[in-house]
Every structure is written in C-alpha cells, then in structure tokens.
Amino acid sequence: MAALEPLPAGTILVSDAKAFGCAGAVFRIDPVTGEQHTLAVAGDLQGATGIALEADGSVLISKDRFFPGTGVLLRLPVGTGTQTEVTSGGKFATPGAVAVEADGRILIADAWSGGFGAVLRVDPATGEQTVLSAGDGEGDSPPRPVMLCTAPDGAILVTEQNRLGGEDLSSRVVRVHPVTGARTTVTLGGELRSPIGVAVDGDGGILVADANAFAGFGGGVLRVDPVSGTQTTVSSGGGFVGPYAIAVEADGSLLVTDNDALNGVGTLFRVNPTTGEQQVLSSGGVFGFLTGVAVVPTYSG
C-alpha cells in the first residue's frame with residue numbers, strides 16, 4: 001500500500017463500511033470538486049464505523065464486531081498507510097464512533113459495551129481501554145451511545161437513542177465530564193428522533209444529524225444551544241433522507257453524509273450553516289455506506 005503522506009488542511013476524509021463489495025474503505029474527498037480518492041481499502045476496514053484524526057495526521061478508524069472479526073480500533077499512520085491495530089476486543093462490543101481529546105487520548109462510543117453501552121477511553125500508545133462513562137440502564141429500553149465528539153472546553157458530547165435505526169422520542173444529547181465521567185442531559189426529545197452524528201461549531205453550538213427529525217421531512221440537522229438545550233433547525237427536507245455523520249469545515253460549512261439520499265446513493269452534502277442550503281459535494285461512485293466524516297485541520301508545529 002502506498003505511503004500515507006500528510007494531507008493538506010481542509011481535505012475531507014470519510015469512512016465507508018461497505019465500499020468495493022463490502023470490503024470497506026477510507027476515502028479522501030477533494031473539498032472543491034468532490035472527486036473521490038481511495039486512501040485505504042479492505043483489511044480490517046469492512047464494517048468501519050467512524051473516523052478521526054490524531055495530532056500528527058494519523059487516521060483512526062473504528063470497526064463494528066458484527067462484521068468479520070471483532071470490534072477494532074485501527075490507525076493509518078502518516079508515512080506508512082499500513083493498517084495497524086490500536087486495540088480490539090476487551091470492553092469493545094459495537095464501537096460506533098471515535099474522537100480524539102486534546103491530550104491525544106482516544107474516545108469510543110459503544111452502544112453495547114457492558115450491556116448498557118459506554119463511552120470508552122483508549123490509551124493511544126498502549127491500547128489500554130477504560131470505561132469513562134457507562135450507560136445509566138434506566139427504563140426497559142435505555143438510550144445508548146451512538147456517536148460522540150469533543151467540545152472546546154474538553155467536555156464530551158454524545159448522541160443517544162434506544163432504537164438504533166428507528167424513531168425514538170426519548171433520544172437525547174448528553175455531556176460527559178472528561179475527568180469524572182458524570183453525565184448530564186443537554187437536550188431531550190423535541191425534534192430529536194434518531195440522532196446520530198454530532199459536532200461543535202465555531203460558536204460552541206452543538207450540531208446534530210438526525211435521520212428521522214422533522215416528521216415527514218426525511219431527517220435534518222439541528223443546532224442545540226449548549227447552555228439552554230434549545231433546538232433550532234439548521235437544514236431539513238431538500239435532498240436529505242437519512243442524515244448520518246456530520247463535521248464542520250474551517251469556514252463553518254457543514255458536511256453531512258446520507259446513505260439514503262438520491263434514491264439510495266451514498267452522498268456527502270455541504271450545508272450552509274446560516275441558510276441551510278444543501279449542496280451535493282460528492283455522491284455515488286465507489287461509495288458504499290458512509291459512516292463517518294472528518295476534516296483535516298491546520299496542524300501547528
């Protein structure tokens with residue numbers, strides 16, 4: 001496999017669970033033309049569930065155990081492009097998303113870890129797994145972690161629902177304290193029905209991609225006030241059918257994946273955060289099932 005060179009700032013990366021006949025892949029998307037380039041394919045990428053970037057530009061990929069093998073966290077190191085295992089098994093059940101903290105530690109949202117789901121922390125050097133915050137297990141069908149991201153203050157934001165893939169009016173966004181693991185609800189119910197992707201914009205607003213929000217409109221993107229929990233609509237209808245993953249570009253534009261858009265063709269949308277206007281940036285081609293999206297930042301040093 002060709003060496004993975006440091007990628008230019010602004011480059012878009014997506015993880016794909018089913019590309020190339022379910023082989024799985026990581027794609028690099030040109031932010032101007034939307035052209036698709038294969039960064040890595042096959043190996044342990046079948047069933048890839050999420051993507052994140054480390055400070056040195058290495059790419060992290062989480063993988064679901066329901067595909068061949070077990071739950072795995074992979075790294076594509078800069079300079080080699082080789083898939084290396086950071087950690088697998090252990091507390092992993094269905095690792096569904098990955099994020100990186102400011103100090104380099106890795107976070108995983110796992111819907112079934114420990115029975116009720118958990119946010120797990122992974123040592124980037126040793127692969128040691130620890131439970132940062134376990135699901136509360138309240139009720140007959142408790143909400144479970146779906147995806148997560150980090151906020152500028154170090155807090156961890158997690159989308160939760162109890163009917164993965166279906167409409168759930170008890171869906172919520174929770175804030176997890178990075179030291180104690182204490183969980184507080186930021187927003188609950190409202191237009192949230194199937195919250196999946198979560199990101200933070202430049203003003204600290206919490207952005208949520210929800211596959212079933214706005215009944216009758218095929219899902220959309222919500223902005224949640226981090227203090228009051230008030231939900232406002234960013235974008236709905238249009239080409240959206242089942243918005244999935246979300247990321248924020250340097251200029252504030254939103255990137256949203258939707259695997260049901262355009263008659264079931266995997267699609268990456270760019271959304272204007274002010275007007276909600278949707279633009280198809282990249283669609284079809286070699287896309288199978290897009291599970292995560294990340295933007296290469298400007299690295300210091």
# chains A, B, ... in the order shown; residues from 1 in each chain; ligands from 1
call {"tool": "residues_around", "arguments": {"residues": "Glu85 in chain A", "least_positions_apart": "3", "cutoff": "7 Å", "atoms": "only C-alpha atoms", "output": "mmCIF file with C-alpha atoms, in the first residue's frame"}}
result
data_model
loop_
_atom_site.group_PDB
_atom_site.id
_atom_site.type_symbol
_atom_site.label_atom_id
_atom_site.label_comp_id
_atom_site.auth_asym_id
_atom_site.auth_seq_id
_atom_site.Cartn_x
_atom_site.Cartn_y
_atom_site.Cartn_z
ATOM 1 C CA LEU A 73 -9.689 0.476 16.594
ATOM 2 C CA LEU A 74 -7.290 0.927 13.667
ATOM 3 C CA ARG A 75 -4.642 3.505 12.914
#
call {"tool": "residues_around", "arguments": {"residues": "Val173 in chain A", "least_positions_apart": "5", "cutoff": "9 Å", "atoms": "only C-alpha atoms", "output": "ChimeraX atom specification"}}
result
/A:157-161,184-188,192,195,198,208,224,229
call {"tool": "write_last_selection", "arguments": {"atoms": "all heavy atoms", "output": "tab-separated table (two decimals), in the first residue's frame"}}
result
chain	number	residue	atom	x	y	z
A	157	LEU	N	-19.46	15.26	24.07
A	157	LEU	CA	-20.87	15.30	23.70
A	157	LEU	C	-21.24	14.01	23.00
A	157	LEU	O	-20.56	13.57	22.08
A	157	LEU	CB	-21.15	16.50	22.81
A	157	LEU	CG	-20.83	17.85	23.47
A	157	LEU	CD1	-20.81	18.95	22.44
A	157	LEU	CD2	-21.84	18.15	24.57
A	158	VAL	N	-22.35	13.40	23.43
A	158	VAL	CA	-22.73	12.07	22.96
A	158	VAL	C	-24.19	12.08	22.54
A	158	VAL	O	-25.06	12.55	23.29
A	158	VAL	CB	-22.53	11.01	24.06
A	158	VAL	CG1	-22.77	9.61	23.50
A	158	VAL	CG2	-21.14	11.11	24.67
A	159	THR	N	-24.48	11.57	21.36
A	159	THR	CA	-25.87	11.34	20.97
A	159	THR	C	-26.29	9.96	21.47
A	159	THR	O	-25.51	9.00	21.42
A	159	THR	CB	-26.06	11.40	19.44
A	159	THR	OG1	-25.11	10.53	18.80
A	159	THR	CG2	-25.87	12.82	18.93
A	160	GLU	N	-27.52	9.88	21.97
A	160	GLU	CA	-28.03	8.61	22.49
A	160	GLU	C	-29.45	8.37	21.99
A	160	GLU	O	-30.25	9.29	21.90
A	160	GLU	CB	-28.04	8.61	24.02
A	160	GLU	CG	-26.65	8.66	24.65
A	160	GLU	CD	-26.68	8.43	26.15
A	160	GLU	OE1	-27.74	8.66	26.76
A	160	GLU	OE2	-25.65	8.03	26.69
A	161	GLN	N	-29.73	7.12	21.68
A	161	GLN	CA	-31.09	6.69	21.35
A	161	GLN	C	-31.24	5.24	21.75
A	161	GLN	O	-30.25	4.52	21.92
A	161	GLN	CB	-31.39	6.90	19.86
A	161	GLN	CG	-30.38	6.27	18.92
A	161	GLN	CD	-30.83	6.32	17.48
A	161	GLN	OE1	-31.81	5.70	17.12
A	161	GLN	NE2	-30.10	7.06	16.65
A	184	THR	N	-24.67	14.53	32.03
A	184	THR	CA	-25.79	15.45	32.17
A	184	THR	C	-26.48	15.58	30.83
A	184	THR	O	-25.83	15.59	29.78
A	184	THR	CB	-25.35	16.84	32.66
A	184	THR	OG1	-24.36	17.36	31.76
A	184	THR	CG2	-24.75	16.76	34.06
A	185	THR	N	-27.79	15.68	30.85
A	185	THR	CA	-28.55	15.81	29.61
A	185	THR	C	-28.54	17.25	29.14
A	185	THR	O	-28.88	18.16	29.88
A	185	THR	CB	-30.01	15.34	29.82
A	185	THR	OG1	-30.01	13.96	30.20
A	185	THR	CG2	-30.82	15.52	28.55
A	186	VAL	N	-28.14	17.44	27.88
A	186	VAL	CA	-28.14	18.77	27.28
A	186	VAL	C	-29.49	19.07	26.66
A	186	VAL	O	-30.06	20.15	26.85
A	186	VAL	CB	-27.04	18.89	26.20
A	186	VAL	CG1	-27.06	20.28	25.56
A	186	VAL	CG2	-25.68	18.59	26.78
A	187	THR	N	-30.04	18.11	25.92
A	187	THR	CA	-31.36	18.28	25.31
A	187	THR	C	-31.98	16.91	25.13
A	187	THR	O	-31.28	15.91	24.94
A	187	THR	CB	-31.26	19.02	23.97
A	187	THR	OG1	-32.57	19.41	23.53
A	187	THR	CG2	-30.59	18.19	22.89
A	188	LEU	N	-33.31	16.87	25.18
A	188	LEU	CA	-34.05	15.62	25.16
A	188	LEU	C	-35.34	15.82	24.38
A	188	LEU	O	-36.01	16.85	24.52
A	188	LEU	CB	-34.37	15.18	26.59
A	188	LEU	CG	-35.33	14.00	26.80
A	188	LEU	CD1	-34.65	12.70	26.40
A	188	LEU	CD2	-35.77	13.94	28.27
A	192	LEU	N	-35.65	15.70	18.17
A	192	LEU	CA	-34.74	14.55	18.14
A	192	LEU	C	-35.54	13.26	18.07
A	192	LEU	O	-36.40	13.00	18.91
A	192	LEU	CB	-33.87	14.52	19.40
A	192	LEU	CG	-32.81	15.61	19.57
A	192	LEU	CD1	-32.08	15.42	20.89
A	192	LEU	CD2	-31.82	15.59	18.42
A	195	PRO	N	-31.04	10.75	16.57
A	195	PRO	CA	-29.79	11.50	16.49
A	195	PRO	C	-28.61	10.56	16.28
A	195	PRO	O	-28.49	9.54	16.96
A	195	PRO	CB	-29.71	12.21	17.83
A	195	PRO	CG	-30.48	11.32	18.76
A	195	PRO	CD	-31.60	10.75	17.93
A	198	VAL	N	-22.70	14.03	15.58
A	198	VAL	CA	-22.67	15.21	16.44
A	198	VAL	C	-21.33	15.92	16.25
A	198	VAL	O	-20.29	15.29	16.07
A	198	VAL	CB	-22.89	14.83	17.93
A	198	VAL	CG1	-21.81	13.87	18.42
A	198	VAL	CG2	-22.99	16.06	18.81
A	208	VAL	N	-26.35	18.41	15.35
A	208	VAL	CA	-26.77	17.01	15.37
A	208	VAL	C	-27.40	16.64	14.03
A	208	VAL	O	-28.30	17.32	13.54
A	208	VAL	CB	-27.80	16.75	16.49
A	208	VAL	CG1	-28.26	15.30	16.48
A	208	VAL	CG2	-27.21	17.11	17.85
A	224	VAL	N	-28.13	22.79	18.70
A	224	VAL	CA	-28.55	22.76	20.09
A	224	VAL	C	-27.72	23.77	20.87
A	224	VAL	O	-26.48	23.75	20.82
A	224	VAL	CB	-28.37	21.35	20.70
A	224	VAL	CG1	-28.75	21.35	22.18
A	224	VAL	CG2	-29.21	20.33	19.93
A	229	GLY	N	-30.03	24.12	25.89
A	229	GLY	CA	-30.53	22.91	25.24
A	229	GLY	C	-31.58	23.17	24.18
A	229	GLY	O	-32.13	22.24	23.60
call {"tool": "residues_around", "arguments": {"residues": "range 41-44 of chain A", "least_positions_apart": "5", "cutoff": "9 Å", "atoms": "only C-alpha atoms", "output": "list in words"}}
result
Ala19, Phe20, Cys22, Ala23, Gly24, Ala25, Val26, Phe27, Lys63, Pro68, Gly69, Val72, Leu74 and Gln83 of chain A
call {"tool": "write_last_selection", "arguments": {"atoms": "N, CA and C atoms", "output": "PDB file, in the first residue's frame"}}
result
ATOM      1  N   ALA A  19     -17.831  -0.220   1.032  1.00  0.00           N
ATOM      2  CA  ALA A  19     -17.307   0.091  -0.292  1.00  0.00           C
ATOM      3  C   ALA A  19     -16.657  -1.124  -0.937  1.00  0.00           C
ATOM      4  N   PHE A  20     -16.624  -1.133  -2.253  1.00  0.00           N
ATOM      5  CA  PHE A  20     -15.975  -2.197  -3.016  1.00  0.00           C
ATOM      6  C   PHE A  20     -16.498  -3.580  -2.614  1.00  0.00           C
ATOM      7  N   CYS A  22     -18.423  -4.476  -0.043  1.00  0.00           N
ATOM      8  CA  CYS A  22     -18.350  -4.675   1.407  1.00  0.00           C
ATOM      9  C   CYS A  22     -16.926  -4.866   1.910  1.00  0.00           C
ATOM     10  N   ALA A  23     -15.929  -4.440   1.131  1.00  0.00           N
ATOM     11  CA  ALA A  23     -14.547  -4.538   1.602  1.00  0.00           C
ATOM     12  C   ALA A  23     -14.241  -3.475   2.646  1.00  0.00           C
ATOM     13  N   GLY A  24     -14.976  -2.350   2.593  1.00  0.00           N
ATOM     14  CA  GLY A  24     -14.702  -1.243   3.497  1.00  0.00           C
ATOM     15  C   GLY A  24     -13.554  -0.392   2.985  1.00  0.00           C
ATOM     16  N   ALA A  25     -13.595   0.910   3.307  1.00  0.00           N
ATOM     17  CA  ALA A  25     -12.565   1.796   2.786  1.00  0.00           C
ATOM     18  C   ALA A  25     -12.550   3.116   3.538  1.00  0.00           C
ATOM     19  N   VAL A  26     -11.458   3.854   3.319  1.00  0.00           N
ATOM     20  CA  VAL A  26     -11.364   5.251   3.715  1.00  0.00           C
ATOM     21  C   VAL A  26     -11.122   6.048   2.440  1.00  0.00           C
ATOM     22  N   PHE A  27     -11.939   7.077   2.226  1.00  0.00           N
ATOM     23  CA  PHE A  27     -11.817   7.890   1.031  1.00  0.00           C
ATOM     24  C   PHE A  27     -11.375   9.307   1.375  1.00  0.00           C
ATOM     25  N   LYS A  63     -14.232   0.012  14.081  1.00  0.00           N
ATOM     26  CA  LYS A  63     -14.873  -1.043  13.298  1.00  0.00           C
ATOM     27  C   LYS A  63     -15.801  -1.872  14.183  1.00  0.00           C
ATOM     28  N   PRO A  68     -16.846  -9.308   9.967  1.00  0.00           N
ATOM     29  CA  PRO A  68     -15.842 -10.335  10.326  1.00  0.00           C
ATOM     30  C   PRO A  68     -14.813  -9.821  11.318  1.00  0.00           C
ATOM     31  N   GLY A  69     -14.537 -10.652  12.322  1.00  0.00           N
ATOM     32  CA  GLY A  69     -13.564 -10.275  13.336  1.00  0.00           C
ATOM     33  C   GLY A  69     -14.240  -9.774  14.591  1.00  0.00           C
ATOM     34  N   VAL A  72     -12.738  -3.293  16.636  1.00  0.00           N
ATOM     35  CA  VAL A  72     -11.337  -2.928  16.478  1.00  0.00           C
ATOM     36  C   VAL A  72     -11.198  -1.418  16.346  1.00  0.00           C
ATOM     37  N   LEU A  74      -8.428   0.969  14.573  1.00  0.00           N
ATOM     38  CA  LEU A  74      -7.290   0.927  13.667  1.00  0.00           C
ATOM     39  C   LEU A  74      -6.633   2.294  13.558  1.00  0.00           C
ATOM     40  N   GLN A  83      -2.411  -0.452   7.851  1.00  0.00           N
ATOM     41  CA  GLN A  83      -3.399  -0.561   8.919  1.00  0.00           C
ATOM     42  C   GLN A  83      -2.750  -1.224  10.133  1.00  0.00           C
TER      43      GLN A  83
END
call {"tool": "residues_around", "arguments": {"residues": "Asp123 in chain A", "least_positions_apart": "4", "cutoff": "12 Å", "atoms": "only C-alpha atoms", "output": "compact mmCIF listing (two decimals) with C-alpha atoms, in the first residue's frame"}}
result
# COMPACT_ATOMS: atom_id res chain seq x y z
CA LEU A 73 -9.69 0.48 16.59
CA VAL A 86 -4.50 0.14 18.37
CA THR A 87 -6.77 -2.13 20.39
CA VAL A 100 -9.58 12.36 19.92
CA GLU A 101 -9.13 14.51 23.03
CA ASP A 103 -4.16 15.38 25.09
CA GLY A 104 -4.27 12.65 22.44
CA ARG A 105 -6.36 10.11 24.31
CA ILE A 106 -8.96 8.37 22.16
CA LEU A 107 -12.70 8.14 22.84
CA ILE A 108 -15.09 5.48 21.59
CA GLY A 127 -4.31 0.49 23.59
CA GLU A 128 -5.50 0.10 27.18
CA GLN A 129 -9.28 0.50 27.42
CA THR A 130 -11.08 2.10 30.35
CA VAL A 131 -14.72 2.94 30.92
call {"tool": "atom_distance", "arguments": {"atom1": "CA of Asp210 in chain A", "atom2": "CA of Arg223 in chain A"}}
result
10.8 Å
call {"tool": "residues_around", "arguments": {"residues": "Arg28 in chain A", "least_positions_apart": "6", "cutoff": "7 Å", "atoms": "only C-alpha atoms", "output": "list in words"}}
result
Thr11, Ile12, Leu13, Val14, Gln36, His37, Thr38 and Leu39 of chain A
call {"tool": "write_last_selection", "arguments": {"atoms": "N, CA and C atoms", "output": "PDB file, in the first residue's frame"}}
result
ATOM      1  N   THR A  11      -8.715  18.937   3.618  1.00  0.00           N
ATOM      2  CA  THR A  11      -9.045  17.677   2.960  1.00  0.00           C
ATOM      3  C   THR A  11     -10.133  16.960   3.757  1.00  0.00           C
ATOM      4  N   ILE A  12     -11.086  16.381   3.047  1.00  0.00           N
ATOM      5  CA  ILE A  12     -12.200  15.675   3.683  1.00  0.00           C
ATOM      6  C   ILE A  12     -11.940  14.174   3.628  1.00  0.00           C
ATOM      7  N   LEU A  13     -12.131  13.505   4.749  1.00  0.00           N
ATOM      8  CA  LEU A  13     -11.987  12.049   4.828  1.00  0.00           C
ATOM      9  C   LEU A  13     -13.316  11.439   5.236  1.00  0.00           C
ATOM     10  N   VAL A  14     -13.675  10.315   4.613  1.00  0.00           N
ATOM     11  CA  VAL A  14     -14.883   9.599   5.016  1.00  0.00           C
ATOM     12  C   VAL A  14     -14.556   8.122   5.206  1.00  0.00           C
ATOM     13  N   GLN A  36     -13.460  11.674  -5.625  1.00  0.00           N
ATOM     14  CA  GLN A  36     -13.204  10.630  -4.633  1.00  0.00           C
ATOM     15  C   GLN A  36     -11.872   9.933  -4.920  1.00  0.00           C
ATOM     16  N   HIS A  37     -11.052   9.784  -3.880  1.00  0.00           N
ATOM     17  CA  HIS A  37      -9.788   9.060  -3.987  1.00  0.00           C
ATOM     18  C   HIS A  37      -9.729   8.036  -2.855  1.00  0.00           C
ATOM     19  N   THR A  38      -9.289   6.842  -3.161  1.00  0.00           N
ATOM     20  CA  THR A  38      -9.178   5.792  -2.147  1.00  0.00           C
ATOM     21  C   THR A  38      -7.888   5.965  -1.356  1.00  0.00           C
ATOM     22  N   LEU A  39      -8.036   6.103  -0.049  1.00  0.00           N
ATOM     23  CA  LEU A  39      -6.878   6.236   0.832  1.00  0.00           C
ATOM     24  C   LEU A  39      -6.447   4.877   1.373  1.00  0.00           C
TER      25      LEU A  39
END
